[in-house]
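Source file: data_10.txt. Holds: compact mmCIF, C-alpha atoms.
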# COMPACT_ATOMS: atom_id res chain seq x y z
CA MET A 25 -29.27 12.55 19.25
CA ASN A 26 -31.15 12.86 15.97
CA LEU A 27 -31.70 9.87 13.69
CA PRO A 28 -29.35 10.86 10.79
CA ARG A 29 -26.53 11.50 13.24
CA LEU A 30 -27.19 8.13 14.92
CA PHE A 31 -26.94 6.34 11.56
CA SER A 32 -23.78 8.27 10.74
CA VAL A 33 -22.17 7.26 14.04
CA PHE A 34 -23.38 3.66 13.62
CA GLY A 35 -21.89 3.55 10.10
CA ALA A 36 -18.53 4.87 11.27
CA VAL A 37 -18.38 2.41 14.16
CA SER A 38 -19.36 -0.45 11.85
CA LEU A 39 -16.54 0.42 9.44
CA LEU A 40 -14.03 0.57 12.28
CA VAL A 41 -15.15 -2.80 13.64
CA LEU A 42 -15.12 -4.39 10.19
CA GLY A 43 -11.66 -3.00 9.48
CA SER A 44 -10.39 -4.28 12.82
CA VAL A 45 -11.86 -7.72 12.18
CA LEU A 46 -10.30 -7.90 8.71
CA PHE A 47 -7.00 -6.67 10.14
CA ALA A 48 -7.10 -9.23 12.95
CA GLN A 49 -7.90 -12.00 10.48
CA ASP A 50 -4.99 -10.90 8.32
CA ARG A 51 -2.64 -10.88 11.30
CA THR A 52 -3.67 -14.33 12.44
CA ALA A 53 -3.53 -15.70 8.92
CA GLY A 54 0.11 -14.67 8.62
CA ALA A 55 1.72 -11.78 6.79
CA ALA A 56 2.32 -13.50 3.47
CA ASP A 57 -0.23 -14.61 0.93
CA SER A 58 0.93 -17.07 -1.70
CA ALA A 59 -1.69 -16.54 -4.42
CA ALA A 60 0.39 -14.20 -6.56
CA THR A 61 3.90 -15.31 -5.60
CA GLY A 62 6.02 -16.17 -8.63
CA LEU A 63 3.64 -14.62 -11.15
CA PRO A 64 4.67 -11.71 -13.37
CA ALA A 65 3.64 -8.40 -11.84
CA PRO A 66 0.96 -6.61 -13.85
CA ALA A 67 1.80 -3.53 -15.89
CA TRP A 68 0.09 -0.34 -14.73
CA LYS A 69 -0.11 3.40 -15.36
CA LEU A 70 -1.43 5.75 -12.69
CA LYS A 71 -1.34 9.47 -11.91
CA ASP A 72 0.91 10.85 -9.21
CA LEU A 73 -0.32 13.49 -6.76
CA ASP A 74 0.51 16.28 -9.22
CA GLY A 75 -1.26 14.62 -12.15
CA GLY A 76 1.84 13.23 -13.86
CA GLU A 77 1.85 9.71 -15.24
CA VAL A 78 3.77 7.02 -13.39
CA SER A 79 4.19 3.63 -15.02
CA SER A 80 5.50 0.27 -13.89
CA ASP A 81 7.80 0.43 -16.93
CA GLN A 82 9.77 3.19 -15.17
CA PHE A 83 10.96 0.71 -12.55
CA LYS A 84 12.34 -2.10 -14.72
CA GLY A 85 15.45 -3.56 -13.12
CA LYS A 86 14.50 -2.27 -9.67
CA VAL A 87 13.04 -4.06 -6.67
CA VAL A 88 9.60 -2.52 -6.22
CA VAL A 89 7.27 -2.47 -3.23
CA VAL A 90 3.72 -1.66 -4.37
CA ASP A 91 1.68 -0.79 -1.28
CA PHE A 92 -2.07 -0.27 -1.60
CA TRP A 93 -3.13 1.99 1.26
CA ALA A 94 -5.40 4.88 2.32
CA THR A 95 -5.15 7.86 4.67
CA TRP A 96 -8.07 6.56 6.76
CA CYS A 97 -6.59 3.06 7.24
CA GLY A 98 -4.93 2.56 10.65
CA PRO A 99 -2.75 -0.43 9.69
CA CYS A 100 -1.68 1.43 6.53
CA ILE A 101 -0.58 4.44 8.56
CA GLU A 102 1.25 2.13 10.97
CA GLU A 103 3.49 0.94 8.10
CA ILE A 104 4.40 4.36 6.67
CA PRO A 105 7.46 5.03 8.90
CA GLY A 106 8.89 1.64 7.91
CA TYR A 107 8.47 2.39 4.21
CA ILE A 108 10.08 5.81 4.67
CA ALA A 109 13.07 4.14 6.34
CA LEU A 110 13.31 1.40 3.69
CA GLN A 111 13.27 3.94 0.84
CA LYS A 112 15.95 6.01 2.52
CA LYS A 113 18.15 3.04 3.38
CA TYR A 114 17.79 0.92 0.23
CA GLY A 115 16.84 3.42 -2.49
CA PRO A 116 20.50 3.71 -3.56
CA ASP A 117 20.58 -0.09 -3.93
CA GLY A 118 17.65 -0.13 -6.37
CA LEU A 119 14.58 -0.22 -4.11
CA VAL A 120 11.52 1.75 -5.18
CA ILE A 121 8.46 2.04 -2.97
CA VAL A 122 5.21 3.00 -4.65
CA GLY A 123 2.29 3.88 -2.41
CA VAL A 124 -0.99 3.39 -4.30
CA SER A 125 -3.57 5.50 -2.49
CA MET A 126 -7.12 4.19 -2.59
CA ASP A 127 -8.48 7.43 -1.11
CA ARG A 128 -11.55 8.88 -2.77
CA ARG A 129 -10.95 12.35 -1.37
CA GLY A 130 -8.45 12.99 -4.13
CA PRO A 131 -4.78 13.76 -4.66
CA ALA A 132 -4.80 17.10 -2.81
CA HIS A 133 -5.91 15.36 0.39
CA VAL A 134 -3.31 12.60 -0.04
CA LYS A 135 -0.58 15.14 -0.82
CA GLN A 136 -1.29 17.10 2.36
CA PHE A 137 -1.30 13.85 4.37
CA ALA A 138 1.99 12.70 2.79
CA GLN A 139 3.75 16.02 3.35
CA ALA A 140 2.71 16.06 7.01
CA ARG A 141 4.30 12.62 7.48
CA GLY A 142 7.42 13.15 5.37
CA MET A 143 6.60 10.37 2.92
CA ASN A 144 9.69 10.16 0.69
CA TYR A 145 8.51 7.61 -1.84
CA THR A 146 6.43 7.62 -5.02
CA LEU A 147 2.71 8.12 -4.41
CA VAL A 148 0.03 7.52 -7.00
CA MET A 149 -3.76 7.46 -7.00
CA GLY A 150 -5.18 3.96 -7.41
CA ASP A 151 -8.33 2.86 -9.17
CA GLU A 152 -10.42 -0.27 -9.62
CA ALA A 153 -8.48 -1.29 -12.74
CA VAL A 154 -5.17 -1.54 -10.88
CA VAL A 155 -6.80 -3.46 -8.02
CA GLU A 156 -8.21 -5.87 -10.60
CA ALA A 157 -4.80 -6.18 -12.28
CA PHE A 158 -3.29 -7.15 -8.93
CA GLY A 159 -5.85 -9.90 -8.34
CA ASN A 160 -8.87 -8.13 -6.86
CA PHE A 161 -7.59 -8.27 -3.28
CA GLN A 162 -10.20 -7.45 -0.64
CA ALA A 163 -8.44 -5.43 2.07
CA ILE A 164 -5.80 -2.79 2.60
CA PRO A 165 -3.01 -2.57 3.22
CA THR A 166 -2.12 -5.11 0.58
CA THR A 167 1.50 -4.99 -0.49
CA PHE A 168 3.42 -6.67 -3.30
CA LEU A 169 7.19 -7.11 -3.40
CA ILE A 170 8.36 -7.31 -7.02
CA SER A 171 11.76 -8.58 -8.14
CA ARG A 172 14.15 -6.86 -10.52
CA ASP A 173 12.91 -9.19 -13.27
CA GLY A 174 9.25 -8.22 -12.68
CA ARG A 175 7.98 -11.22 -10.71
CA ILE A 176 5.93 -11.04 -7.52
CA LEU A 177 8.11 -12.31 -4.69
CA ASN A 178 5.67 -11.69 -1.87
CA GLN A 179 2.11 -10.52 -1.31
CA LYS A 180 0.96 -9.55 2.16
CA THR A 181 -2.34 -8.34 3.48
CA GLY A 182 -2.35 -6.34 6.69
CA ALA A 183 0.49 -4.61 8.45
CA ALA A 184 3.71 -6.45 9.21
CA PRO A 185 6.53 -5.43 11.54
CA ALA A 186 9.04 -3.27 9.64
CA GLU A 187 12.00 -5.46 10.63
CA GLU A 188 10.30 -8.57 9.19
CA TYR A 189 9.49 -6.88 5.90
CA GLU A 190 13.00 -5.43 5.70
CA LYS A 191 14.40 -8.98 5.62
CA LEU A 192 12.28 -9.74 2.54
CA VAL A 193 13.48 -6.53 0.88
CA GLN A 194 17.10 -7.33 1.67
CA ALA A 195 16.76 -10.79 0.11
CA ALA A 196 15.15 -9.31 -3.01
CA LEU A 197 17.97 -6.78 -3.41
CA LYS A 198 20.71 -9.46 -3.39

Please render this file's structure as structure tokens.
Amino acid sequence: MNLPRLFSVFGAVSLLVLGSVLFAQDRTAGAADSAATGLPAPAWKLKDLDGGEVSSDQFKGKVVVVDFWATWCGPCIEEIPGYIALQKKYGPDGLVIVGVSMDRRGPAHVKQFAQARGMNYTLVMGDEAVVEAFGNFQAIPTTFLISRDGRILNQKTGAAPAEEYEKLVQAALK
């Protein structure tokens, strides 16, 4: 094995181990973080996968799940079927799920990924400004549940079982 390839393999393994450690820490720390709970959700404007503008203002009066994720993130991918089901089941009741992709490979890559998985919710491309607006969290997935009146009801880091998160969504929709 040549040296550049060895470093490339070492780097990939290191990222996987680090991601697993962060994920394990998030799991053991519990699904909910309290830092942002009760605060007004930040306003944001981001581009969707076709280049159109999507704004938090569009979702006033709705319950919004803002999920920061990436196509390379195992725990993020684990949650996608749950979000698809939530959007389908509760969309008519005023639920909006917004997936904020932190992928650097661009919208075409994310669009192909989303189509292959049947993602039925709003997808936008994230940036450092929106991460900063949401409190400079350090890991993905990080997900915010926002009330109809624009307040953060829940912030979680790491994947959570779909049935547990659904209970939070149901309570927010009441």

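Using all atoms listed in the file, the shortest contact distance between Glu102 (chain A) and any of A:Met143, A:Gly174, A:Pro185, A:Asp81 is found at A:Pro185.
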
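In this model, the gap between CA of Ile176 (chain A) and CA of Thr61 (chain A) comes to 5.1 Å.
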
What is the distance between CA of Val122 (chain A) and CA of Val90 (chain A), in Å to one decimal?
-> 4.9 Å

Find, counting only C-alpha atoms, the residue in A:Ser171, A:Asn144, A:Gln136, A:Asn178 that gets nearest to Leu110 (chain A).
-> A:Asn144

Kindly compute an axis-aligned box around the listed atoms of region 164-169 of chain A, allowing 8 Å on each side, and express its centre and edge lengths in Å to one decimal as AutoDock Vina command-line options.
--center_x 0.7 --center_y -4.8 --center_z -0.1 --size_x 29.0 --size_y 20.5 --size_z 22.6

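Remark: for Gly98 (chain A), the closest of the candidate residues A:Gly123, A:Ile170, A:Arg128, A:Pro165 is A:Pro165 (distances computed over only C-alpha atoms).
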
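Between Glu152 (chain A) and the residues A:Tyr189, A:Phe83, A:Tyr114, A:Phe92, the shortest atom-to-atom distance, using all atoms listed in the file, involves A:Phe92.
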
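You will find CA of Leu73 (chain A) at 22.2 Å from CA of Leu169 (chain A).
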
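When all atoms listed in the file are used to measure the gap to Arg172 (chain A), the shortest distance among A:Asp151, A:Asp117, A:Glu156, A:Asp127 belongs to A:Asp117.
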
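Of the listed residues A:Gly118, A:Gly159, A:Pro105, A:Gly182, the one whose atoms come nearest to Ala138 (chain A) is A:Pro105, with distances taken using only C-alpha atoms.
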
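When the distance limit is 7 Å and only C-alpha atoms are what count, the residues near Tyr145 (chain A), minus those fewer than 3 positions from it on the same chain, are A:Ile108, A:Gln111, A:Ile121, A:Val122.
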
Do you know which residues are at most 6 Å from Gly150 (chain A) counting all atoms listed in the file, after dropping those on the same chain fewer than 5 positions away, and could you put them as a PyMOL selection string?
-> chain A and resi 124-126

Need to verify the contact set: Gln82 (chain A), 12 Å, only C-alpha atoms, exclusion of same-chain residues closer than 6 positions in sequence. Can you return it as a short mmCIF file (atom, residue, chain, number, x, y, z; two decimals) with C-alpha atoms, keeping the file's coordinate frame?
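selection-v3.cif, written as the output of this step:
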data_model
loop_
_atom_site.label_atom_id
_atom_site.label_comp_id
_atom_site.auth_asym_id
_atom_site.auth_seq_id
_atom_site.Cartn_x
_atom_site.Cartn_y
_atom_site.Cartn_z
CA ALA A 67 1.80 -3.53 -15.89
CA TRP A 68 0.09 -0.34 -14.73
CA LYS A 69 -0.11 3.40 -15.36
CA LEU A 70 -1.43 5.75 -12.69
CA VAL A 88 9.60 -2.52 -6.22
CA VAL A 120 11.52 1.75 -5.18
CA VAL A 122 5.21 3.00 -4.65
CA THR A 146 6.43 7.62 -5.02
CA ARG A 172 14.15 -6.86 -10.52
CA GLY A 174 9.25 -8.22 -12.68
#

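Residues within 12 Å of Phe137 (chain A), counting only C-alpha atoms and excluding same-chain residues fewer than 2 positions away, are Leu73, Ala94, Thr95, Trp96, Ile101, Ile104, Ser125, Asp127, Arg129, Gly130, Pro131, Ala132, His133, Val134, Lys135, Gln139, Ala140, Arg141, Gly142, Met143 and Leu147 of chain A.
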